[in-house]
file coords27.txt (compact mmCIF, C-alpha atoms)
# COMPACT_ATOMS: atom_id res chain seq x y z
CA MET Y 422 18.51 7.50 -10.95
CA GLU Y 423 20.30 9.87 -13.28
CA ILE Y 424 19.37 11.99 -16.28
CA ASN Y 425 21.97 12.49 -18.99
CA SER Y 426 21.75 16.25 -19.54
CA ASP Y 427 23.68 16.01 -22.83
CA VAL Y 428 20.81 13.94 -24.23
CA CYS Y 429 17.75 15.38 -22.40
CA ASN Y 430 15.48 17.36 -24.75
CA GLY Y 431 13.53 19.04 -21.93
CA CYS Y 432 10.14 17.48 -22.73
CA GLY Y 433 9.32 17.25 -18.98
CA GLN Y 434 7.56 13.86 -19.07
CA CYS Y 435 9.75 12.58 -16.21
CA ILE Y 436 8.77 15.56 -14.04
CA LEU Y 437 5.10 14.63 -14.38
CA VAL Y 438 5.48 10.98 -13.33
CA CYS Y 439 7.89 11.36 -10.38
CA PRO Y 440 5.89 10.39 -7.23
CA VAL Y 441 8.05 12.55 -4.92
CA GLN Y 442 8.67 15.61 -7.12
CA ALA Y 443 12.42 14.99 -7.22
CA ILE Y 444 12.88 16.11 -10.85
CA LYS Y 445 13.19 19.79 -11.77
CA MET Y 446 13.64 21.66 -15.05
CA ILE Y 447 16.68 23.94 -15.17
CA ASP Y 448 17.57 25.73 -18.43
CA ASN Y 449 15.35 23.34 -20.42
CA LYS Y 450 17.04 20.25 -19.02
CA ALA Y 451 15.57 17.86 -16.43
CA TYR Y 452 17.68 17.28 -13.33
CA ILE Y 453 17.20 14.86 -10.45
CA ASP Y 454 17.59 16.21 -6.92
CA GLU Y 455 19.71 13.38 -5.53
CA ASP Y 456 18.72 13.99 -1.93
CA CYS Y 457 15.03 13.99 -2.75
CA CYS Y 458 15.09 11.02 -5.18
CA VAL Y 459 14.03 7.79 -3.45
CA GLU Y 460 15.21 5.46 -6.28
CA CYS Y 461 11.70 4.15 -7.00
CA ALA Y 462 12.46 3.99 -10.77
CA VAL Y 463 8.96 5.13 -11.72
CA CYS Y 464 10.58 7.73 -14.03
CA ILE Y 465 12.43 5.15 -16.11
CA ARG Y 466 9.34 2.89 -16.31
CA GLU Y 467 6.63 5.48 -16.89
CA ALA Y 468 8.09 8.64 -18.48
CA LYS Y 469 8.79 6.82 -21.76
CA CYS Y 470 11.71 9.21 -22.26
CA PRO Y 471 11.82 9.87 -26.02
CA VAL Y 472 15.62 10.19 -26.03
CA ASN Y 473 16.44 7.52 -23.39
CA ALA Y 474 18.14 10.07 -21.15
CA ILE Y 475 17.05 8.42 -17.86
CA MET Y 476 19.48 5.88 -16.45
CA MET Y 477 19.49 3.59 -13.46
CA LYS Y 478 22.84 3.99 -11.71
CA ARG Y 479 24.60 1.15 -9.88
CA LEU Y 480 24.26 2.42 -6.32
CA GLN Y 481 26.80 2.10 -3.54
CA TRP Y 482 25.99 1.47 0.13
CA PRO Y 483 24.33 3.18 1.95
CA ARG Y 484 22.37 4.83 -0.90
CA SER Y 485 21.44 1.39 -2.21
CA ILE Y 486 19.21 0.88 0.84
CA ARG Y 487 16.72 3.27 -0.82
CA ILE Y 488 15.81 0.74 -3.51
CA PRO Y 489 13.94 -1.99 -1.58
CA PHE Y 490 11.97 0.66 0.34
CA SER Y 491 10.95 2.49 -2.82
CA ASN Y 492 11.00 0.31 -5.93
CA VAL Y 493 8.01 -2.03 -6.01
CA LEU Y 494 9.74 -4.36 -8.46
CA THR Y 495 12.66 -5.24 -6.19
CA THR Y 496 13.12 -7.82 -3.48
CA HIS Y 497 14.83 -6.98 -0.20
CA LYS Y 498 18.16 -8.87 -0.01
CA LEU Y 499 17.95 -9.51 3.71
CA THR Y 500 14.34 -10.60 3.88
CA GLY Y 501 13.85 -12.20 0.46
CA ILE Y 502 10.48 -10.47 0.31
CA GLY Y 503 9.29 -8.28 -2.53
CA GLY Y 504 8.94 -4.60 -1.68
CA ARG Y 505 8.95 -3.05 1.79
CA GLY Y 506 6.18 -5.08 3.41
CA THR Y 507 5.55 -8.64 4.55
CA GLU Y 508 2.77 -11.23 4.35
CA GLU Y 509 1.43 -9.85 7.68
CA MET Y 510 -2.30 -10.55 8.18
CA LYS Y 511 -2.82 -11.47 4.54
CA THR Y 512 -1.90 -15.09 5.30
CA ASN Y 513 -2.82 -15.13 8.99
CA ASP Y 514 -5.35 -17.92 8.45
CA VAL Y 515 -2.38 -20.12 7.47
CA THR Y 516 0.51 -18.78 9.56
CA ASN Y 517 -1.26 -17.71 12.79
CA ARG Y 518 1.20 -14.83 12.98
CA TYR Y 519 -1.39 -12.92 15.05
CA ASN Y 520 -3.30 -14.90 17.64
CA ALA Y 521 -6.35 -14.02 19.73
CA GLY Y 522 -5.35 -11.51 22.42
CA GLU Y 523 -2.64 -9.96 20.24
CA ILE Y 524 -2.72 -6.84 18.08
CA GLY Y 525 -0.52 -6.36 15.05
CA ILE Y 526 0.52 -2.81 14.24
CA ALA Y 527 1.87 -1.28 11.04
CA ILE Y 528 3.18 2.28 11.07
CA GLU Y 529 4.03 3.29 7.52
CA LEU Y 530 6.31 6.34 7.38
CA GLY Y 531 6.31 8.60 4.33
CA ARG Y 532 2.97 7.57 2.92
CA PRO Y 533 1.08 9.05 1.16
CA GLY Y 534 3.60 10.48 -1.24
CA VAL Y 535 5.88 12.52 0.99
CA GLY Y 536 8.70 10.01 1.55
CA THR Y 537 10.83 9.80 4.67
CA LYS Y 538 14.40 9.83 5.90
CA LEU Y 539 15.13 6.49 7.56
CA ARG Y 540 16.16 8.33 10.76
CA ASN Y 541 12.43 8.87 11.43
CA ILE Y 542 12.09 5.16 12.17
CA GLU Y 543 14.06 5.72 15.39
CA LEU Y 544 11.53 8.27 16.67
CA PHE Y 545 9.17 5.33 17.01
CA THR Y 546 11.44 2.35 17.67
CA THR Y 547 13.30 3.90 20.63
CA LYS Y 548 9.92 4.41 22.33
CA LEU Y 549 8.36 1.12 21.20
CA SER Y 550 11.34 -0.94 22.38
CA VAL Y 551 10.87 0.38 25.91
CA ILE Y 552 7.30 -0.93 25.83
CA GLY Y 553 8.59 -4.33 24.74
CA VAL Y 554 6.95 -4.86 21.36
CA ILE Y 555 7.70 -7.92 19.21
CA TYR Y 556 9.05 -6.71 15.87
CA GLU Y 557 8.16 -8.68 12.74
CA GLU Y 558 11.39 -10.51 11.95
CA LYS Y 559 10.79 -10.56 8.19
CA SER Y 560 10.21 -6.82 7.92
CA PRO Y 561 12.94 -4.81 6.15
CA VAL Y 562 12.70 -2.17 8.90
CA THR Y 563 13.41 -4.73 11.64
CA THR Y 564 16.71 -5.58 9.93
CA LEU Y 565 17.80 -1.95 10.46
CA ILE Y 566 17.37 -2.06 14.27
CA ILE Y 567 20.77 -2.69 15.87
CA ASP Y 568 20.05 -2.97 19.59
CA GLY Y 569 17.41 -3.63 22.20
CA GLU Y 570 16.82 0.09 22.65
CA GLY Y 571 15.45 0.52 19.13
CA HIS Y 572 18.37 2.39 17.59
CA ILE Y 573 18.98 1.95 13.90
CA ASN Y 574 22.14 1.68 11.85
CA GLU Y 575 23.81 5.14 11.92
CA GLU Y 576 25.10 5.11 8.35
CA ILE Y 577 21.66 4.76 6.74
CA LYS Y 578 19.82 7.41 8.76
CA GLU Y 579 19.99 10.17 6.14
CA GLU Y 580 18.81 7.96 3.30
CA ARG Y 581 15.40 8.95 1.92
CA VAL Y 582 12.85 6.34 0.88
CA LEU Y 583 9.31 6.30 -0.47
CA SER Y 584 8.00 4.49 2.58
CA ALA Y 585 9.16 2.35 5.49
CA ILE Y 586 6.81 0.16 7.51
CA ILE Y 587 7.46 -0.57 11.18
CA GLU Y 588 5.70 -3.87 11.85
CA PHE Y 589 5.25 -5.40 15.29
CA LYS Y 590 2.77 -7.05 17.60
CA ILE Y 591 1.77 -6.58 21.23
CA PRO Y 592 -0.55 -8.15 23.79
CA SER Y 593 -3.85 -6.29 23.28
CA GLU Y 594 -3.74 -4.66 26.75
CA LYS Y 595 -0.68 -2.65 25.65
CA LEU Y 596 -2.58 -0.86 22.87
CA PRO Y 597 -3.10 2.39 24.85
CA LEU Y 598 0.69 2.67 25.34
CA ILE Y 599 1.29 2.33 21.61
CA LEU Y 600 -1.37 4.91 20.79
CA ASN Y 601 0.37 7.31 23.19
CA VAL Y 602 3.61 6.84 21.25
CA ILE Y 603 1.77 7.65 18.03
CA ARG Y 604 0.43 10.92 19.51
CA THR Y 605 3.90 11.84 20.82
CA VAL Y 606 5.74 11.18 17.55
CA GLU Y 607 3.04 12.97 15.54
CA ASN Y 608 4.29 16.19 17.17
CA GLU Y 609 7.98 15.51 16.45
CA ILE Y 610 8.15 14.00 12.99
CA ASP Y 611 8.85 15.83 9.70
CA THR Y 612 6.80 13.54 7.47
CA VAL Y 613 3.42 11.82 7.22
CA PHE Y 614 2.58 8.33 8.37
CA THR Y 615 -0.35 5.94 8.36
CA VAL Y 616 -1.34 3.53 11.10
CA GLY Y 617 -3.01 0.13 10.81
CA LEU Y 618 -4.16 -2.25 13.56
CA VAL Y 619 -4.52 -6.00 12.99
CA SER Y 620 -6.90 -8.07 15.07
CA ARG Y 621 -7.96 -11.65 14.77
CA MET Y 622 -11.76 -11.86 14.90
CA GLN Y 623 -11.91 -14.58 17.53
CA GLY Y 624 -14.20 -13.82 20.44
CA ILE Y 625 -14.66 -10.26 19.17
CA ASN Y 626 -16.60 -8.74 16.28
CA PRO Y 627 -15.46 -5.85 14.07
CA SER Y 628 -17.78 -3.24 15.58
CA GLU Y 629 -16.63 -4.11 19.13
CA PHE Y 630 -13.01 -3.59 18.08
CA VAL Y 631 -13.83 -0.26 16.40
CA TYR Y 632 -15.73 0.85 19.52
CA HIS Y 633 -12.74 -0.06 21.74
CA VAL Y 634 -10.25 1.93 19.60
CA THR Y 635 -12.64 4.88 19.29
CA ASN Y 636 -12.88 5.01 23.09
CA LEU Y 637 -9.09 5.36 23.17
CA GLY Y 638 -9.42 8.59 21.17
CA PHE Y 639 -8.69 7.40 17.62
CA GLN Y 640 -10.95 7.29 14.60
CA VAL Y 641 -11.17 4.06 12.63
CA ARG Y 642 -11.74 4.28 8.87
CA PRO Y 643 -14.83 2.50 7.48
CA ASN Y 644 -12.70 0.49 5.05
CA ALA Y 645 -10.27 -2.27 6.01
CA LYS Y 646 -8.45 -5.36 4.78
CA ILE Y 647 -10.31 -8.52 5.66
CA ASN Y 648 -8.79 -12.00 5.57
CA ILE Y 649 -11.85 -14.16 4.92
CA GLY Y 650 -10.40 -17.40 6.29
CA LEU Y 651 -10.13 -19.58 3.17
CA GLY Y 652 -6.40 -20.31 3.64
CA LYS Y 653 -5.17 -23.65 4.98
CA PRO Y 654 -1.75 -24.80 6.22
CA MET O 1054 1.72 -4.21 5.76
CA THR O 1055 -0.61 -1.71 4.27
CA HIS O 1056 -0.96 -1.95 0.45
CA THR O 1057 -4.74 -1.67 -0.14
CA LEU O 1058 -5.55 -0.42 3.35
CA HIS O 1059 -5.39 3.35 3.34
CA ARG O 1060 -7.63 4.20 0.38
CA LYS O 1061 -9.29 7.59 0.83
CA GLY O 1062 -12.88 8.55 0.10
CA THR O 1063 -16.32 8.69 1.68
CA VAL O 1064 -18.48 5.66 2.41
CA GLU O 1065 -20.40 6.40 -0.81
CA ASP O 1066 -17.14 6.44 -2.85
CA LEU O 1067 -15.96 3.22 -1.23
CA LYS O 1068 -19.17 1.39 -2.10
CA GLU O 1069 -17.74 1.13 -5.62
CA ASP O 1070 -14.21 0.13 -4.63
CA TYR O 1071 -13.20 -3.35 -3.54
CA VAL O 1072 -9.88 -5.14 -3.95
CA MET O 1073 -9.34 -8.89 -3.81
CA LEU O 1074 -5.95 -10.45 -3.12
CA ALA O 1075 -4.85 -14.08 -3.08
CA MET O 1076 -1.51 -14.86 -1.44
CA PHE O 1077 0.66 -17.90 -0.73
CA ALA O 1078 2.04 -18.24 2.78
CA ALA O 1079 5.73 -18.59 1.89
CA GLY O 1080 7.16 -22.03 2.58
CA ILE O 1081 3.68 -23.47 3.15
CA ASN O 1082 1.19 -22.97 0.31
CA ASP O 1083 3.88 -22.63 -2.34
CA SER O 1084 5.56 -25.96 -1.59
CA TYR O 1085 3.09 -28.08 -3.58
CA ASP O 1086 3.50 -28.99 -7.27
CA ASP O 1087 0.13 -27.52 -8.23
CA SER O 1088 0.57 -24.25 -6.27
CA HIS O 1089 0.95 -22.01 -9.27
CA GLN O 1090 -1.82 -23.81 -11.16
CA LYS O 1091 -4.09 -22.90 -8.25
CA MET O 1092 -3.01 -19.27 -8.46
CA VAL O 1093 -3.79 -19.22 -12.20
CA LYS O 1094 -7.25 -20.65 -11.50
CA ILE O 1095 -7.86 -17.96 -8.87
CA GLY O 1096 -6.83 -15.32 -11.43
CA GLU O 1097 -9.25 -16.83 -13.95
CA ILE O 1098 -12.11 -16.76 -11.44
CA MET O 1099 -11.40 -13.11 -10.58
CA LYS O 1100 -11.25 -12.23 -14.29
CA LYS O 1101 -14.56 -14.01 -15.00
CA TYR O 1102 -16.46 -11.49 -12.84
CA ASN O 1103 -15.33 -8.39 -14.71
CA PRO O 1104 -12.81 -6.64 -12.48
CA VAL O 1105 -12.09 -3.02 -13.37
CA ASN O 1106 -8.38 -3.85 -13.06
CA ILE O 1107 -6.32 -7.00 -12.52
CA ILE O 1108 -2.63 -7.85 -12.17
CA SER O 1109 -1.01 -8.85 -15.47
CA GLU O 1110 -1.82 -12.44 -16.49
CA ILE O 1111 1.84 -12.94 -17.41
CA VAL O 1112 2.79 -13.09 -13.72
CA TRP O 1113 0.01 -15.42 -12.53
CA VAL O 1114 2.25 -18.48 -13.02
CA THR O 1115 5.21 -17.05 -11.13
CA THR O 1116 3.86 -14.71 -8.48
CA SER O 1117 2.89 -15.38 -4.87
CA THR O 1118 0.06 -12.85 -5.17
CA VAL O 1119 -2.86 -12.29 -7.56
CA THR O 1120 -4.86 -9.08 -7.17
CA ALA O 1121 -7.88 -7.45 -8.79
CA ALA O 1122 -10.09 -4.39 -8.24
CA PHE O 1123 -13.90 -4.46 -8.52
CA ASP O 1124 -16.47 -1.68 -8.66
CA ASN O 1125 -19.28 -3.64 -7.02
CA LEU O 1126 -19.80 -6.02 -4.12
CA GLU O 1127 -21.92 -8.47 -6.14
CA SER O 1128 -18.93 -9.44 -8.29
CA VAL O 1129 -16.79 -9.85 -5.16
CA LYS O 1130 -19.45 -12.14 -3.68
CA ASN O 1131 -19.51 -14.22 -6.87
CA VAL O 1132 -15.72 -14.61 -6.78
CA ILE O 1133 -15.77 -15.63 -3.09
CA ARG O 1134 -18.57 -18.11 -3.72
CA GLU O 1135 -16.49 -19.87 -6.39
CA LEU O 1136 -13.27 -19.74 -4.36
CA LYS O 1137 -15.06 -21.27 -1.38
CA LYS O 1138 -16.42 -24.07 -3.58
CA GLU O 1139 -13.01 -24.77 -5.16
CA ASP O 1140 -11.34 -24.86 -1.70
CA PHE O 1141 -7.83 -23.98 -2.93
CA GLY O 1142 -6.58 -23.42 0.64
CA ILE O 1143 -4.92 -20.15 -0.35
CA SER O 1144 -5.47 -17.01 1.74
CA ILE O 1145 -7.92 -14.47 0.33
CA VAL O 1146 -8.13 -10.86 1.50
CA VAL O 1147 -10.94 -8.48 0.55
CA SER O 1148 -10.35 -4.75 1.04
CA GLY O 1149 -13.25 -2.33 1.26
CA LEU O 1150 -16.11 -1.26 3.50
CA ILE O 1151 -16.10 -3.39 6.66
CA SER O 1152 -19.87 -3.46 7.15
CA GLU O 1153 -20.60 -4.41 3.53
CA ILE O 1154 -17.99 -7.15 3.41
CA GLU O 1155 -19.09 -8.53 6.77
CA GLU O 1156 -22.67 -8.73 5.48
CA ALA O 1157 -21.57 -10.42 2.24
CA LEU O 1158 -19.54 -12.99 4.18
CA LYS O 1159 -22.51 -13.76 6.40
CA GLU O 1160 -24.59 -14.45 3.29
CA LEU O 1161 -21.88 -16.86 2.08
CA GLU O 1162 -21.63 -18.50 5.51
CA LEU O 1163 -18.17 -17.14 6.17
CA TYR O 1164 -16.78 -14.92 8.94
CA PRO O 1165 -13.78 -12.53 8.93
CA HIS O 1166 -10.70 -14.37 10.19
CA THR O 1167 -8.47 -11.34 10.73
CA ILE O 1168 -9.04 -7.64 10.02
CA HIS O 1169 -6.48 -4.92 9.37
CA PHE O 1170 -8.14 -1.65 10.43
CA SER O 1171 -6.94 1.78 9.32
CA LEU O 1172 -6.52 4.70 11.71
CA GLY O 1173 -5.82 6.92 8.71
CA THR O 1174 -3.05 9.42 8.03
CA PHE O 1175 -1.06 11.42 10.59
CA SER O 1176 0.99 14.45 9.64
CA GLY O 1177 3.94 15.97 11.46
CA PRO O 1178 4.05 19.74 12.17
CA LYS O 1179 6.77 20.43 9.60
CA VAL O 1180 5.00 18.76 6.69
CA GLN O 1181 3.94 21.01 3.85
CA SER O 1182 0.30 20.51 2.93
CA LEU O 1183 -0.64 17.28 1.19
CA PRO O 1184 -2.45 17.28 -2.17
CA SER O 1185 -6.24 17.72 -2.08
CA GLU O 1186 -8.43 14.86 -0.83
CA LYS O 1187 -9.64 14.22 -4.40
CA ILE O 1188 -6.06 13.82 -5.67
CA LEU O 1189 -5.30 11.55 -2.69
CA GLU O 1190 -8.33 9.44 -3.57
CA ILE O 1191 -6.46 8.47 -6.73
CA THR O 1192 -2.89 8.29 -5.40
CA THR O 1193 -3.82 6.15 -2.37
CA MET O 1194 -5.39 3.54 -4.62
CA CYS O 1195 -1.85 2.44 -5.51
CA GLY O 1196 -0.41 0.67 -2.48
CA HIS O 1197 3.13 1.63 -3.50
CA HIS O 1198 2.35 5.27 -4.33
CA THR O 1199 3.51 5.10 -7.95
CA VAL O 1200 0.83 7.49 -9.27
CA SER O 1201 2.10 11.06 -8.97
CA PRO O 1202 -0.20 13.96 -7.96
CA GLN O 1203 1.17 16.22 -10.70
CA SER O 1204 0.32 13.66 -13.42
CA ILE O 1205 -3.31 13.81 -12.23
CA THR O 1206 -3.31 17.62 -12.37
CA ASN O 1207 -1.78 17.46 -15.84
CA TYR O 1208 -4.47 15.06 -17.11
CA VAL O 1209 -7.20 17.31 -15.69
CA LYS O 1210 -5.69 20.15 -17.74
CA LEU O 1211 -5.47 18.01 -20.89
CA ILE O 1212 -9.08 16.82 -20.51
CA LYS O 1213 -10.26 20.41 -20.19
CA GLN O 1214 -8.31 21.30 -23.33
CA GLY O 1215 -10.00 18.43 -25.16
CA LYS O 1216 -6.67 16.72 -25.80
CA ILE O 1217 -7.58 13.45 -24.06
CA THR O 1218 -10.80 11.76 -22.96
CA ILE O 1219 -11.52 11.12 -19.28
CA GLU O 1220 -11.55 7.37 -19.92
CA LYS O 1221 -8.16 7.45 -21.67
CA ALA O 1222 -6.67 9.59 -18.88
CA ALA O 1223 -7.99 7.14 -16.27
CA GLU O 1224 -6.43 4.27 -18.21
CA LYS O 1225 -3.07 6.06 -18.32
CA LEU O 1226 -3.17 6.86 -14.58
CA THR O 1227 -3.73 3.17 -13.89
CA LYS O 1228 -0.53 2.11 -15.67
CA PRO O 1229 2.16 2.82 -13.01
CA CYS O 1230 0.41 0.50 -10.52
CA VAL O 1231 1.88 -2.91 -11.34
CA CYS O 1232 -0.32 -4.73 -8.79
CA GLY O 1233 -3.52 -4.02 -10.75
CA ILE O 1234 -5.35 -2.62 -7.72
CA VAL O 1235 -6.09 0.90 -8.94
CA ASN O 1236 -9.81 1.17 -9.68
CA THR O 1237 -10.02 2.64 -13.17
CA LYS O 1238 -13.75 3.32 -12.96
CA ARG O 1239 -13.32 5.23 -9.69
CA ILE O 1240 -10.53 7.33 -11.25
CA THR O 1241 -12.98 8.32 -14.00
CA LYS O 1242 -15.43 9.56 -11.35
CA VAL O 1243 -12.74 11.47 -9.46
CA LEU O 1244 -11.45 13.09 -12.67
CA ASN O 1245 -15.01 14.17 -13.51
CA SER O 1246 -15.29 15.71 -10.08
CA LEU O 1247 -11.90 17.48 -10.39
CA ILE O 1248 -12.92 18.97 -13.74
CA SER O 1249 -16.17 20.30 -12.25
CA GLU O 1250 -14.24 21.76 -9.30
CA LYS O 1251 -11.96 23.70 -11.63
CA LYS O 1252 -14.92 25.05 -13.60
CA ASN O 1253 -16.62 26.41 -10.47

call {"tool": "encode", "arguments": {"input": "coords27.txt", "output": "structure tokens"}}
result
Amino acid sequence: MEINSDVCNGCGQCILVCPVQAIKMIDNKAYIDEDCCVECAVCIREAKCPVNAIMMKRLQWPRSIRIPFSNVLTTHKLTGIGGRGTEEMKTNDVTNRYNAGEIGIAIELGRPGVGTKLRNIELFTTKLSVIGVIYEEKSPVTTLIIDGEGHINEEIKEERVLSAIIEFKIPSEKLPLILNVIRTVENEIDTVFTVGLVSRMQGINPSEFVYHVTNLGFQVRPNAKINIGLGKP
Amino acid sequence: MTHTLHRKGTVEDLKEDYVMLAMFAAGINDSYDDSHQKMVKIGEIMKKYNPVNIISEIVWVTTSTVTAAFDNLESVKNVIRELKKEDFGISIVVSGLISEIEEALKELELYPHTIHFSLGTFSGPKVQSLPSEKILEITTMCGHHTVSPQSITNYVKLIKQGKITIEKAAEKLTKPCVCGIVNTKRITKVLNSLISEKKN
């Protein structure tokens, strides 16, 4: 994103709507901090700039990688999927992506509202790959992993995005290993992240699952996403 | 893989906050001629039971996802009852309190197929403090984090100055979320609470 300082009248509307506080006022003109900006385009959609000073630049690689991880209205070129996520458990009653005995895991870096450098992905993936997780092949993050050791493409590491979701699944008995990784990375990382666990409710009920995870030292929120089983192949 | 999952708030707050989502499995449900007609019908059923927010009707005929937010479980139950009867074969996800949804499903003779549980937010040692929990209650309602914390603070200021009503501010804060999953009624409650906080 770019603000034409010759045109900007300093009204500050764009500063208010920026989700990552990347716009600052200097000498009555709004400026975008290029390193901080995640290219989400909320400013151009929501600031209603009275003098049309906000412009969407044509971005070159690797900066262009910021767009699909930040702008909700775009589709990732490699995955063909809108935004930074996948269908995951939302269509599990049709796809059987997660079967009984498996746990799906989503670690979303940068959320809520802090953003993340893509290099943070590697803090997790180098440890997860040792455990032998199965990455979701349609996830935009999976396309960034370049080897079996969980390293990611060097040239995109310093790019900053609104959020990046590491999606994978494991046999349920490996859950304690994954939770250990979460505790380890929590002490190393320079951003926030959220964690979600997906379980098919076959041979287990929700409270049993919550009890199991609580016994492993993690709190489970009272609210969740529930696929109610009305989908058919 | 998160979207409506990590909404903040207490159990009491969440009793008035449910999101429904219908989604095609790509390459499966969307390969039939009447796929998008089904999605439109699902949108119409959701709209019939007075959601507090819903994705723009313009996209119902083209999208793979229809979403709506509700402020009560009874409306959600009514929508599920109709969807079950119509048997569209399209996946439906309800986000909200696990115990309440589980009970509602039991009443409708359904059982959760798959659940996505939240372990909440983790913060690294170098992270500056996050906005207050009340601000996060609003910002986490948008699954793509398009509602900025400073716009909420600004509206609180404008409400106190009498320059905008709480309802109008809530409506404006809903706008950046293109998925229609931000609960406008809940924003009104949070804004009321933020204004009281500032007075004290």

call {"tool": "interface_residues", "arguments": {"input": "coords27.txt", "of": "chain O", "to": "chain Y", "cutoff": "6 Å", "atoms": "all atoms listed in the file", "output": "MDAnalysis selection string"}}
result
chainID O and resid 1054 1058 1078 1142:1151 1165:1177 1179:1180 1199 1201 1203:1204

call {"tool": "closest_residue", "arguments": {"input": "coords27.txt", "among": "Y:Ile591, Y:Leu565, Y:Ile465, Y:Ala474", "to": "Y:Lys450", "atoms": "all atoms listed in the file"}}
result
Y:Ala474

call {"tool": "closest_residue", "arguments": {"input": "coords27.txt", "among": "O:Val1105, O:Cys1195, O:Leu1183, O:Ile1234", "to": "O:Met1073", "atoms": "all atoms listed in the file"}}
result
O:Ile1234

call {"tool": "atom_distance", "arguments": {"input": "coords27.txt", "atom1": "atom CA of O:Val1129", "atom2": "atom CA of O:Met1099"}}
result
8.3 Å

call {"tool": "atom_distance", "arguments": {"input": "coords27.txt", "atom1": "atom CA of O:Thr1057", "atom2": "atom CA of O:Phe1077"}}
result
17.1 Å

call {"tool": "closest_residue", "arguments": {"input": "coords27.txt", "among": "O:Leu1163, O:Val1119, O:Ile1248, O:Leu1126", "to": "O:Lys1068", "atoms": "only C-alpha atoms"}}
result
O:Leu1126
